[in-house]
$ cat entry_8.cif   # mmCIF, C-alpha atoms
data_work
#
loop_
_atom_site.group_PDB
_atom_site.id
_atom_site.type_symbol
_atom_site.label_atom_id
_atom_site.label_comp_id
_atom_site.auth_asym_id
_atom_site.auth_seq_id
_atom_site.Cartn_x
_atom_site.Cartn_y
_atom_site.Cartn_z
ATOM 1 C CA MET A 54 0.000 0.000 0.000
ATOM 2 C CA GLN A 55 2.793 2.416 0.966
ATOM 3 C CA LEU A 56 4.578 1.487 -2.262
ATOM 4 C CA ILE A 57 1.463 2.368 -4.286
ATOM 5 C CA ILE A 58 1.154 5.729 -2.466
ATOM 6 C CA LEU A 59 4.826 6.508 -3.072
ATOM 7 C CA LEU A 60 4.521 5.607 -6.751
ATOM 8 C CA SER A 61 1.417 7.786 -7.035
ATOM 9 C CA LEU A 62 3.213 10.734 -5.422
ATOM 10 C CA PHE A 63 6.190 10.219 -7.733
ATOM 11 C CA VAL A 64 3.986 10.201 -10.842
ATOM 12 C CA ILE A 65 2.043 13.275 -9.665
ATOM 13 C CA GLY A 66 5.337 15.033 -8.880
ATOM 14 C CA ALA A 67 6.766 14.166 -12.276
ATOM 15 C CA ILE A 68 3.612 15.383 -14.049
ATOM 16 C CA ALA A 69 3.609 18.579 -11.952
ATOM 17 C CA GLY A 70 7.288 19.136 -12.715
ATOM 18 C CA LYS A 71 6.687 18.596 -16.430
ATOM 19 C CA TYR A 72 3.650 20.900 -16.344
ATOM 20 C CA SER A 73 5.624 23.534 -14.419
ATOM 21 C CA LYS A 74 8.486 23.336 -16.926
ATOM 22 C CA GLU A 75 6.090 23.638 -19.876
ATOM 23 C CA MET A 76 4.380 26.608 -18.252
ATOM 24 C CA ASN A 77 7.728 28.337 -17.649
ATOM 25 C CA GLU A 78 8.784 27.695 -21.238
ATOM 26 C CA GLN A 79 5.432 29.012 -22.467
ATOM 27 C CA LYS A 80 5.797 32.126 -20.310
ATOM 28 C CA ALA A 81 9.288 32.702 -21.686
ATOM 29 C CA SER A 82 7.965 32.184 -25.208
ATOM 30 C CA ASP A 83 5.054 34.574 -24.591
ATOM 31 C CA LYS A 84 7.488 37.114 -23.168
ATOM 32 C CA ASN A 85 9.619 36.926 -26.326
ATOM 33 C CA ASP A 86 6.538 37.146 -28.565
ATOM 34 C CA ASN A 87 5.229 40.190 -26.711
ATOM 35 C CA GLN A 88 8.598 41.917 -26.505
ATOM 36 C CA VAL A 89 8.459 45.332 -28.168
ATOM 37 C CA GLU A 90 11.275 46.523 -30.410
ATOM 38 C CA PHE A 91 10.996 50.254 -29.635
ATOM 39 C CA ARG A 92 9.940 52.377 -26.664
ATOM 40 C CA ILE A 93 7.599 54.579 -28.719
ATOM 41 C CA ALA A 94 4.259 53.103 -29.822
ATOM 42 C CA LYS A 95 4.094 54.639 -33.318
ATOM 43 C CA LEU A 96 7.591 53.329 -34.123
ATOM 44 C CA ASN A 97 6.542 49.821 -33.109
ATOM 45 C CA GLN A 98 3.467 50.145 -35.323
ATOM 46 C CA VAL A 99 5.662 51.028 -38.310
ATOM 47 C CA TRP A 100 8.050 48.156 -37.526
ATOM 48 C CA GLU A 101 5.219 45.629 -37.207
ATOM 49 C CA LYS A 102 3.688 46.895 -40.462
ATOM 50 C CA ALA A 103 7.040 46.493 -42.243
ATOM 51 C CA ILE A 104 7.323 42.897 -41.010
ATOM 52 C CA ARG A 105 3.768 42.157 -42.202
ATOM 53 C CA MET A 106 4.657 43.698 -45.578
ATOM 54 C CA GLN A 107 7.633 41.294 -45.730
ATOM 55 C CA LEU A 108 10.128 43.951 -46.748
ATOM 56 C CA ALA A 109 13.369 42.673 -48.224
ATOM 57 C CA PRO A 110 16.025 42.009 -45.517
ATOM 58 C CA VAL A 111 18.227 44.967 -46.474
ATOM 59 C CA ARG A 112 15.282 47.395 -46.541
ATOM 60 C CA LEU A 113 14.072 46.012 -43.199
ATOM 61 C CA SER A 114 17.549 46.535 -41.757
ATOM 62 C CA GLU A 115 17.639 50.128 -43.104
ATOM 63 C CA LEU A 116 14.210 50.806 -41.621
ATOM 64 C CA HIS A 117 15.295 49.465 -38.219
ATOM 65 C CA SER A 118 18.283 51.852 -38.193
ATOM 66 C CA ASP A 119 16.034 54.783 -39.173
ATOM 67 C CA LEU A 120 13.565 53.938 -36.394
ATOM 68 C CA LYS A 121 16.381 53.689 -33.837
ATOM 69 C CA ILE A 122 17.621 57.166 -34.813
ATOM 70 C CA GLN A 123 14.052 58.502 -34.671
ATOM 71 C CA GLU A 124 13.560 56.918 -31.234
ATOM 72 C CA LYS A 125 16.752 58.512 -29.889
ATOM 73 C CA ASP A 126 15.772 61.951 -31.250
ATOM 74 C CA GLU A 127 12.189 61.778 -29.963
ATOM 75 C CA LEU A 128 13.252 60.726 -26.454
ATOM 76 C CA GLN A 129 15.749 63.606 -26.386
ATOM 77 C CA TRP A 130 13.023 65.997 -27.563
ATOM 78 C CA LYS A 131 10.601 64.823 -24.844
ATOM 79 C CA LYS A 132 13.252 65.618 -22.252
ATOM 80 C CA LEU A 133 13.830 69.097 -23.761
ATOM 81 C CA LYS A 134 10.098 69.752 -23.952
ATOM 82 C CA ALA A 135 9.702 68.865 -20.266
ATOM 83 C CA GLU A 136 12.377 71.481 -19.539
ATOM 84 C CA GLY A 137 10.497 74.053 -21.654
ATOM 85 C CA LEU A 138 13.168 74.226 -24.375
ATOM 86 C CA ASP A 139 10.961 73.838 -27.462
ATOM 87 C CA GLU A 140 8.412 76.602 -26.992
ATOM 88 C CA ASP A 141 8.020 77.412 -30.697
ATOM 89 C CA GLY A 142 7.594 73.706 -31.582
ATOM 90 C CA GLU A 143 10.376 73.857 -34.183
ATOM 91 C CA ARG A 144 12.142 70.717 -32.954
ATOM 92 C CA GLU A 145 8.846 68.835 -32.844
ATOM 93 C CA ALA A 146 8.039 69.892 -36.424
ATOM 94 C CA LYS A 147 11.488 68.731 -37.573
ATOM 95 C CA LEU A 148 11.005 65.360 -35.859
ATOM 96 C CA ARG A 149 7.621 64.911 -37.528
ATOM 97 C CA ARG A 150 9.102 65.833 -40.903
ATOM 98 C CA ASN A 151 12.024 63.401 -40.453
ATOM 99 C CA PHE A 152 9.580 60.657 -39.478
ATOM 100 C CA ASN A 153 7.399 61.276 -42.545
ATOM 101 C CA ILE A 154 10.414 61.425 -44.858
ATOM 102 C CA GLY A 155 12.050 58.298 -43.434
ATOM 103 C CA MET A 156 8.926 56.172 -43.422
ATOM 104 C CA GLY A 157 7.815 57.541 -46.793
ATOM 105 C CA ASN A 158 11.059 56.411 -48.415
ATOM 106 C CA ARG A 159 11.330 53.045 -46.659
ATOM 107 C CA LEU A 160 7.730 51.851 -47.008
ATOM 108 C CA LYS A 161 6.871 53.371 -50.393
ATOM 109 C CA ASP A 162 6.657 50.981 -53.353
ATOM 110 C CA HIS A 163 7.911 48.052 -51.246
ATOM 111 C CA ASP A 164 6.875 45.566 -53.951
ATOM 112 C CA VAL A 165 9.117 47.224 -56.531
ATOM 113 C CA LYS A 166 12.696 46.003 -56.229
ATOM 114 C CA ASP A 167 15.565 48.412 -56.691
ATOM 115 C CA GLY A 168 16.199 48.146 -60.404
ATOM 116 C CA ASP A 169 16.494 50.176 -63.564
ATOM 117 C CA THR A 170 13.555 52.558 -63.056
ATOM 118 C CA PHE A 171 13.506 55.621 -60.821
ATOM 119 C CA ASP A 172 9.918 56.951 -61.245
ATOM 120 C CA ASP A 173 11.353 60.058 -62.888
ATOM 121 C CA PRO A 174 11.629 60.384 -66.712
ATOM 122 C CA ARG A 175 14.822 62.471 -66.564
ATOM 123 C CA LEU A 176 16.571 59.978 -64.260
ATOM 124 C CA ASP A 177 15.374 56.970 -66.299
ATOM 125 C CA LYS A 178 16.644 58.520 -69.538
ATOM 126 C CA LEU A 179 19.989 59.442 -67.989
ATOM 127 C CA TRP A 180 20.435 55.981 -66.434
ATOM 128 C CA ASN A 181 19.723 54.204 -69.739
ATOM 129 C CA LYS A 182 22.293 56.447 -71.394
ATOM 130 C CA ALA A 183 24.883 55.625 -68.691
ATOM 131 C CA LYS A 184 24.287 51.861 -69.030
ATOM 132 C CA THR A 185 24.794 51.841 -72.787
ATOM 133 C CA SER A 186 27.652 54.362 -72.933
ATOM 134 C CA GLY A 187 30.459 51.875 -72.326
ATOM 135 C CA LYS A 188 32.182 54.437 -70.057
ATOM 136 C CA PHE A 189 31.706 52.484 -66.821
ATOM 137 C CA SER A 190 32.990 49.225 -65.348
ATOM 138 C CA ASP A 191 30.485 46.953 -63.544
ATOM 139 C CA GLU A 192 31.669 48.315 -60.187
ATOM 140 C CA GLU A 193 31.321 51.930 -61.368
ATOM 141 C CA LEU A 194 27.810 51.211 -62.659
ATOM 142 C CA GLN A 195 26.837 49.848 -59.237
ATOM 143 C CA THR A 196 28.199 53.008 -57.594
ATOM 144 C CA LEU A 197 26.383 55.204 -60.123
ATOM 145 C CA GLN A 198 23.150 53.277 -59.580
ATOM 146 C CA ARG A 199 23.415 53.991 -55.838
ATOM 147 C CA GLU A 200 23.821 57.687 -56.683
ATOM 148 C CA PHE A 201 20.666 57.557 -58.844
ATOM 149 C CA HIS A 202 18.693 55.857 -56.057
ATOM 150 C CA HIS A 203 19.996 58.410 -53.570
ATOM 151 C CA HIS A 204 18.793 61.214 -55.857
ATOM 152 C CA LYS A 205 15.399 59.503 -56.165
ATOM 153 C CA ASP A 206 15.137 59.446 -52.344
ATOM 154 C CA LYS A 207 15.952 63.163 -52.285
ATOM 155 C CA ILE A 208 13.110 63.836 -54.747
ATOM 156 C CA ASN A 209 10.725 61.910 -52.469
ATOM 157 C CA GLU A 210 11.947 63.938 -49.478
ATOM 158 C CA TYR A 211 11.401 67.194 -51.356
ATOM 159 C CA ASN A 212 7.812 66.203 -52.217
ATOM 160 C CA ILE A 213 7.068 65.305 -48.576
ATOM 161 C CA VAL A 214 8.484 68.634 -47.332
ATOM 162 C CA MET A 215 6.502 70.502 -49.992
ATOM 163 C CA ASP A 216 3.288 68.816 -48.773
ATOM 164 C CA THR A 217 4.186 69.795 -45.187
ATOM 165 C CA VAL A 218 4.667 73.434 -46.218
ATOM 166 C CA SER A 219 1.265 73.443 -47.950
ATOM 167 C CA GLN A 220 -0.392 72.035 -44.805
ATOM 168 C CA THR A 221 1.364 74.639 -42.617
ATOM 169 C CA GLU A 222 0.157 77.446 -44.877
ATOM 170 C CA GLU A 223 -3.417 76.158 -44.638
ATOM 171 C CA ILE A 224 -3.194 76.197 -40.827
ATOM 172 C CA HIS A 225 -1.623 79.665 -40.964
ATOM 173 C CA LYS A 226 -4.686 81.045 -42.797
ATOM 174 C CA ASN A 227 -6.879 80.196 -39.793
ATOM 175 C CA VAL A 228 -4.717 82.014 -37.213
ATOM 176 C CA ILE A 229 -6.528 84.785 -35.322
ATOM 177 C CA SER A 230 -4.018 85.997 -32.688
ATOM 178 C CA PRO A 231 -1.449 88.528 -34.093
ATOM 179 C CA LEU A 232 1.289 87.148 -31.821
ATOM 180 C CA GLU A 233 0.574 83.590 -32.898
ATOM 181 C CA GLY A 234 0.389 84.823 -36.482
ATOM 182 C CA ASP A 235 3.920 86.263 -36.292
ATOM 183 C CA MET A 236 5.227 82.962 -34.926
ATOM 184 C CA LYS A 237 3.489 80.981 -37.674
ATOM 185 C CA GLU A 238 4.863 83.387 -40.306
ATOM 186 C CA HIS A 239 8.370 82.720 -39.000
ATOM 187 C CA VAL A 240 7.809 78.943 -39.203
ATOM 188 C CA VAL A 241 6.409 79.164 -42.756
ATOM 189 C CA HIS A 242 9.360 81.362 -43.817
ATOM 190 C CA LYS A 243 11.864 78.783 -42.471
ATOM 191 C CA LYS A 244 10.040 75.966 -44.260
ATOM 192 C CA HIS A 245 10.148 77.884 -47.565
ATOM 193 C CA ALA A 246 13.877 78.506 -47.081
ATOM 194 C CA ASP A 247 14.388 74.772 -46.427
ATOM 195 C CA LEU A 248 12.367 73.935 -49.536
ATOM 196 C CA LYS A 249 14.439 76.311 -51.712
ATOM 197 C CA GLN A 250 17.699 74.811 -50.428
ATOM 198 C CA ARG A 251 16.422 71.301 -51.143
ATOM 199 C CA MET A 252 15.517 72.341 -54.695
ATOM 200 C CA ARG A 253 19.009 73.827 -55.185
ATOM 201 C CA ASP A 254 20.527 70.586 -53.876
ATOM 202 C CA LEU A 255 18.340 68.552 -56.255
ATOM 203 C CA ASN A 256 19.381 70.656 -59.255
ATOM 204 C CA GLN A 257 23.064 70.405 -58.309
ATOM 205 C CA GLY A 258 22.704 66.669 -57.727
ATOM 206 C CA PHE A 259 21.087 66.122 -61.123
ATOM 207 C CA GLU A 260 23.765 68.195 -62.845
ATOM 208 C CA ARG A 261 26.411 66.054 -61.163
ATOM 209 C CA LEU A 262 24.700 62.858 -62.406
ATOM 210 C CA ARG A 263 24.416 64.348 -65.903
ATOM 211 C CA LYS A 264 28.116 65.273 -65.919
ATOM 212 C CA ILE A 265 29.219 61.810 -64.712
ATOM 213 C CA THR A 266 26.973 60.123 -67.303
ATOM 214 C CA HIS A 267 28.534 62.159 -70.121
ATOM 215 C CA GLU A 268 32.164 62.175 -68.931
ATOM 216 C CA GLY A 269 32.501 59.095 -66.695
ATOM 217 C CA TYR A 270 34.050 59.067 -63.227
ATOM 218 C CA SER A 271 37.098 61.256 -62.731
ATOM 219 C CA ALA A 272 40.256 59.486 -61.573
ATOM 220 C CA ASP A 273 40.853 62.186 -58.968
ATOM 221 C CA SER A 274 37.353 62.080 -57.422
ATOM 222 C CA GLU A 275 37.553 62.718 -53.683
ATOM 223 C CA PHE A 276 34.766 60.249 -52.776
ATOM 224 C CA LYS A 277 32.504 57.719 -54.456
ATOM 225 C CA GLU A 278 29.657 57.093 -51.963
ATOM 226 C CA PRO A 279 26.573 59.318 -52.615
ATOM 227 C CA ARG A 280 26.021 60.336 -48.987
ATOM 228 C CA VAL A 281 29.700 61.202 -48.533
ATOM 229 C CA ILE A 282 29.774 63.178 -51.793
ATOM 230 C CA GLU A 283 26.698 65.105 -50.626
ATOM 231 C CA LEU A 284 28.374 65.942 -47.302
ATOM 232 C CA TRP A 285 31.570 67.047 -49.045
ATOM 233 C CA GLU A 286 29.659 69.311 -51.463
ATOM 234 C CA MET A 287 27.724 70.715 -48.501
ATOM 235 C CA ALA A 288 31.006 71.372 -46.641
ATOM 236 C CA LYS A 289 32.564 73.195 -49.620
ATOM 237 C CA ARG A 290 29.548 75.516 -49.728
ATOM 238 C CA SER A 291 29.643 76.217 -45.982
ATOM 239 C CA ASN A 292 32.593 78.685 -45.933
ATOM 240 C CA LEU A 293 34.808 76.457 -43.796
ATOM 241 C CA THR A 294 38.510 77.364 -43.724
ATOM 242 C CA GLU A 295 41.037 75.273 -45.677
ATOM 243 C CA VAL A 296 42.329 73.750 -42.433
ATOM 244 C CA GLU A 297 38.789 72.809 -41.359
ATOM 245 C CA LEU A 298 38.042 71.346 -44.806
ATOM 246 C CA ASP A 299 41.209 69.216 -44.719
ATOM 247 C CA SER A 300 40.280 67.916 -41.275
ATOM 248 C CA LEU A 301 36.726 67.176 -42.416
ATOM 249 C CA LYS A 302 37.968 65.452 -45.567
ATOM 250 C CA GLU A 303 39.927 62.990 -43.435
ATOM 251 C CA GLU A 304 36.874 62.363 -41.245
ATOM 252 C CA LEU A 305 34.746 61.803 -44.354
ATOM 253 C CA ARG A 306 37.246 59.230 -45.625
ATOM 254 C CA HIS A 307 36.827 57.278 -42.369
ATOM 255 C CA PHE A 308 33.064 57.644 -42.668
ATOM 256 C CA GLU A 309 33.123 56.364 -46.265
ATOM 257 C CA THR A 310 34.997 53.259 -45.070
ATOM 258 C CA LYS A 311 32.239 52.743 -42.499
ATOM 259 C CA VAL A 312 29.576 53.097 -45.220
ATOM 260 C CA GLU A 313 31.375 50.553 -47.442
ATOM 261 C CA LYS A 314 31.676 48.092 -44.548
ATOM 262 C CA HIS A 315 27.956 48.452 -43.843
ATOM 263 C CA GLN A 316 27.170 47.815 -47.521
ATOM 264 C CA HIS A 317 29.306 44.650 -47.386
ATOM 265 C CA TYR A 318 27.223 43.361 -44.460
ATOM 266 C CA GLN A 319 24.032 44.229 -46.343
ATOM 267 C CA GLU A 320 25.234 42.190 -49.330
ATOM 268 C CA GLN A 321 26.059 39.260 -47.021
ATOM 269 C CA LEU A 322 22.617 39.575 -45.428
ATOM 270 C CA GLU A 323 20.900 39.412 -48.826
ATOM 271 C CA LEU A 324 22.962 36.336 -49.815
ATOM 272 C CA SER A 325 22.172 34.690 -46.473
ATOM 273 C CA HIS A 326 18.450 35.339 -46.996
ATOM 274 C CA GLN A 327 18.537 33.765 -50.466
ATOM 275 C CA LYS A 328 20.346 30.722 -49.100
ATOM 276 C CA LEU A 329 17.853 30.414 -46.230
ATOM 277 C CA LYS A 330 14.904 30.429 -48.679
ATOM 278 C CA HIS A 331 16.636 27.717 -50.716
ATOM 279 C CA VAL A 332 17.247 25.558 -47.607
ATOM 280 C CA GLU A 333 13.671 26.057 -46.378
ATOM 281 C CA ALA A 334 12.410 24.746 -49.718
ATOM 282 C CA LEU A 335 14.466 21.556 -49.182
ATOM 283 C CA GLY A 336 12.910 21.013 -45.720
ATOM 284 C CA ASP A 337 15.991 19.845 -43.739
ATOM 285 C CA LYS A 338 15.176 21.134 -40.207
ATOM 286 C CA ASP A 339 18.740 21.059 -38.861
ATOM 287 C CA HIS A 340 20.055 22.820 -41.950
ATOM 288 C CA ILE A 341 17.247 25.393 -41.722
ATOM 289 C CA MET A 342 18.027 26.079 -38.046
ATOM 290 C CA ARG A 343 21.755 26.615 -38.724
ATOM 291 C CA ASN A 344 21.023 28.986 -41.623
ATOM 292 C CA LYS A 345 18.409 30.863 -39.596
ATOM 293 C CA GLU A 346 20.931 31.423 -36.812
ATOM 294 C CA LYS A 347 23.495 32.725 -39.307
ATOM 295 C CA TYR A 348 20.882 34.950 -40.977
ATOM 296 C CA ASN A 349 19.663 36.375 -37.637
ATOM 297 C CA THR A 350 23.256 37.114 -36.563
ATOM 298 C CA LEU A 351 23.951 38.935 -39.826
ATOM 299 C CA ALA A 352 20.644 40.845 -39.580
ATOM 300 C CA GLU A 353 21.503 41.993 -36.039
ATOM 301 C CA LYS A 354 25.007 43.049 -37.102
ATOM 302 C CA ALA A 355 23.686 44.937 -40.155
ATOM 303 C CA ARG A 356 21.150 46.799 -37.983
ATOM 304 C CA GLU A 357 23.787 47.677 -35.393
ATOM 305 C CA MET A 358 26.232 48.933 -38.036
ATOM 306 C CA GLY A 359 23.425 50.764 -39.840
ATOM 307 C CA TYR A 360 22.492 52.633 -36.678
ATOM 308 C CA LYS A 361 26.113 53.641 -35.950
ATOM 309 C CA MET A 362 26.658 54.714 -39.563
ATOM 310 C CA LYS A 363 23.464 56.828 -39.637
ATOM 311 C CA LYS A 364 24.253 58.351 -36.248
ATOM 312 C CA HIS A 365 27.693 59.340 -37.610
ATOM 313 C CA LEU A 366 26.001 60.760 -40.738
ATOM 314 C CA GLN A 367 23.644 62.785 -38.550
ATOM 315 C CA ASP A 368 26.542 64.127 -36.454
ATOM 316 C CA LEU A 369 28.549 65.092 -39.564
ATOM 317 C CA THR A 370 25.540 66.832 -41.142
ATOM 318 C CA ASN A 371 24.880 68.826 -37.959
ATOM 319 C CA LYS A 372 28.568 69.681 -37.621
ATOM 320 C CA ILE A 373 28.805 71.017 -41.192
ATOM 321 C CA SER A 374 25.494 72.903 -40.931
ATOM 322 C CA GLN A 375 26.413 74.555 -37.632
ATOM 323 C CA ASN A 376 29.916 75.508 -38.776
ATOM 324 C CA GLY A 377 28.557 76.903 -42.020
ATOM 325 C CA LEU A 378 25.941 78.915 -40.132
ATOM 326 C CA GLN A 379 28.533 80.314 -37.718
ATOM 327 C CA HIS A 380 30.790 81.420 -40.591
ATOM 328 C CA ASN A 381 27.884 82.964 -42.492
ATOM 329 C CA GLU A 382 26.855 84.917 -39.386
ATOM 330 C CA LEU A 383 30.393 86.214 -38.983
#

$ encode --input "entry_8.cif" --output "structure tokens"
Amino acid sequence: MQLIILLSLFVIGAIAGKYSKEMNEQKASDKNDNQVEFRIAKLNQVWEKAIRMQLAPVRLSELHSDLKIQEKDELQWKKLKAEGLDEDGEREAKLRRNFNIGMGNRLKDHDVKDGDTFDDPRLDKLWNKAKTSGKFSDEELQTLQREFHHHKDKINEYNIVMDTVSQTEEIHKNVISPLEGDMKEHVVHKKHADLKQRMRDLNQGFERLRKITHEGYSADSEFKEPRVIELWEMAKRSNLTEVELDSLKEELRHFETKVEKHQHYQEQLELSHQKLKHVEALGDKDHIMRNKEKYNTLAEKAREMGYKMKKHLQDLTNKISQNGLQHNEL
């Protein structure tokens, strides 16, 4: 009888232990499933939407880096606002504009793969001319294609800012208070100035693409990455001294190396994703698990490097803008 009772207790204990273990594993699983990626609700909504849309791995990685930058900036702004340091709402407006621009570029036309069309007749015509000119090696064509895509993104940004200006002007029409009206007028004026500068940048950027298409890449070009070229052109227009320009040029060279390294990881991520899809089609579970682990590691590394690269880009842009402003004021 005692033996039967002991056996019963053992079985019950074993079942309870198994149940407890399963419950703990389920809780851990639920915790992972419910874990949010970002601390701001709207950023999580964008991230979840992007996953549902099944964006390509590289675009998903780029979006993650953009959202991380946006999260950092918005948390900093909330702290400043609590201290009463954004009374005119200028920082908030800039954050909203950056959010709209970033998400507009990353989520727009997600079904269309980066290819030979740029949704702009002038760019399409110029690109077709470049491809058939025989002036470029395969590597140079890849670099030029990145420049064309970068210019396309700038056109999208311009259109978003232009829509924002139109909305601001509509709100401005309904202002009653003279004091509030003066403040709104100042905001509208700054937005128009920003819009004009963006249009100048677009025209200069297109002229650069046109010149490269006709003449090919110069052997003595300072830089080859579109974002670095844009920063360098911006720096040359900012009235920095020769010493400051030389120092910045060296920093931009280091930044370009960082950009190239990030692009290498993006290429590896894309290859890893293609291999994973191939392995999944074969159905070997162990092989799938190993490739998933490799893919997830590469995805995490690409996101981390993307964030650091974009943070560096942001710092360089602010540095050049502020220095240029200081010199212009002097």

$ residues_around --input "entry_8.cif" --residues "Arg149 in chain A" --least-positions-apart "4" --cutoff "10 Å" --atoms "only C-alpha atoms" --output "list in words"
Gln123, Glu127, Glu143, Arg144, Glu145, Asn153, Ile154, Gly155 and Thr217 of chain A

$ closest_atom_pairs --input "entry_8.cif" --of "range 90-153 of chain A" --to "range 359-370 of chain A" --cutoff "9 Å" --atoms "only C-alpha atoms" --output "JSON lines"
{"residue": "A:Ser114", "atom": "CA", "partner": "A:Gly359", "partner_atom": "CA", "distance": 7.5}
{"residue": "A:Glu115", "atom": "CA", "partner": "A:Gly359", "partner_atom": "CA", "distance": 6.7}
{"residue": "A:His117", "atom": "CA", "partner": "A:Tyr360", "partner_atom": "CA", "distance": 8.0}
{"residue": "A:Ser118", "atom": "CA", "partner": "A:Tyr360", "partner_atom": "CA", "distance": 4.5}
{"residue": "A:Asp119", "atom": "CA", "partner": "A:Tyr360", "partner_atom": "CA", "distance": 7.2}
{"residue": "A:Lys121", "atom": "CA", "partner": "A:Tyr360", "partner_atom": "CA", "distance": 6.8}
{"residue": "A:Ile122", "atom": "CA", "partner": "A:Lys364", "partner_atom": "CA", "distance": 6.9}

$ write_last_selection --input "entry_8.cif" --atoms "C-alpha atoms" --output "mmCIF file, in the frame of the given file"
data_model
loop_
_atom_site.group_PDB
_atom_site.id
_atom_site.type_symbol
_atom_site.label_atom_id
_atom_site.label_comp_id
_atom_site.auth_asym_id
_atom_site.auth_seq_id
_atom_site.Cartn_x
_atom_site.Cartn_y
_atom_site.Cartn_z
ATOM 1 C CA SER A 114 17.549 46.535 -41.757
ATOM 2 C CA GLU A 115 17.639 50.128 -43.104
ATOM 3 C CA HIS A 117 15.295 49.465 -38.219
ATOM 4 C CA SER A 118 18.283 51.852 -38.193
ATOM 5 C CA ASP A 119 16.034 54.783 -39.173
ATOM 6 C CA LYS A 121 16.381 53.689 -33.837
ATOM 7 C CA ILE A 122 17.621 57.166 -34.813
#

$ closest_residue --input "entry_8.cif" --among "A:Ser186, A:Asn292, A:Gln316, A:Ser325" --to "Thr350 in chain A" --atoms "all atoms listed in the file"
A:Ser325

$ closest_residue --input "entry_8.cif" --among "A:Leu113, A:Leu322, A:Ile265, A:Met358" --to "Glu193 in chain A" --atoms "only C-alpha atoms"
A:Ile265

$ atom_distance --input "entry_8.cif" --atom1 "CA of Gln107 in chain A" --atom2 "CA of Glu210 in chain A"
23.4 Å

$ residues_around --input "entry_8.cif" --residues "Val111 in chain A" --least-positions-apart "6" --cutoff "12 Å" --atoms "all atoms listed in the file" --output "list in words"
His117, Ser118, Arg159, His163, Lys166, Asp167, His315, Gln316, His317, Tyr318, Gln319, Glu320, Gln321, Leu322, Glu323, Leu324, Ser325, His326, Gln327, Tyr348, Leu351, Ala352, Glu353, Lys354, Ala355, Arg356 and Gly359 of chain A

$ resolve_selection --input "entry_8.cif" --expression "the PyMOL selection byres ((chain A and resi 345) around 10)" --output "list of chain:residue names"
A:Ser325, A:His326, A:Lys328, A:Leu329, A:Lys330, A:Val332, A:Glu333, A:Asp339, A:His340, A:Ile341, A:Met342, A:Arg343, A:Asn344, A:Glu346, A:Lys347, A:Tyr348, A:Asn349, A:Thr350, A:Leu351

$ resolve_selection --input "entry_8.cif" --expression "the PyMOL selection byres ((chain A and resi 252) around 12)" --output "ChimeraX atom specification"
/A:204,207-212,214-215,245-251,253-259

$ resolve_selection --input "entry_8.cif" --expression "the PyMOL selection byres ((chain A and resi 179) around 10)" --output "count of residues only"
16

$ residues_around --input "entry_8.cif" --residues "range 287-290 of chain A" --least-positions-apart "5" --cutoff "12 Å" --atoms "all atoms listed in the file" --output "list in words"
Gln250, Arg251, Arg253, Asp254, Gln257, Gly258, Arg280, Val281, Ile282, Glu295, Glu297, Leu298, Asp299, Ser300, Leu301, Lys302, Leu305, Leu369, Thr370, Asn371, Lys372, Ile373, Ser374, Gln375, Asn376, Gly377, Leu378, His380 and Asn381 of chain A

$ atom_distance --input "entry_8.cif" --atom1 "CA of Ile104 in chain A" --atom2 "CA of Glu90 in chain A"
11.9 Å

$ atom_distance --input "entry_8.cif" --atom1 "CA of Asp216 in chain A" --atom2 "CA of Asp126 in chain A"
22.6 Å

$ axis_aligned_box --input "entry_8.cif" --around "range 270-280 of chain A" --padding-each-side "3 Å" --output "lines of an AutoDock Vina configuration file"
center_x = 33.4
center_y = 59.9
center_z = -56.1
size_x = 20.8
size_y = 11.6
size_z = 20.2

$ closest_residue --input "entry_8.cif" --among "A:Leu128, A:Val296, A:Leu284, A:Val218" --to "Glu238 in chain A" --atoms "all atoms listed in the file"
A:Val218

$ closest_residue --input "entry_8.cif" --among "A:Lys314, A:Val241, A:Glu136, A:Phe189" --to "Ser271 in chain A" --atoms "only C-alpha atoms"
A:Phe189

$ closest_residue --input "entry_8.cif" --among "A:Leu148, A:Asp191, A:Glu275, A:Gln198" --to "Glu309 in chain A" --atoms "only C-alpha atoms"
A:Glu275
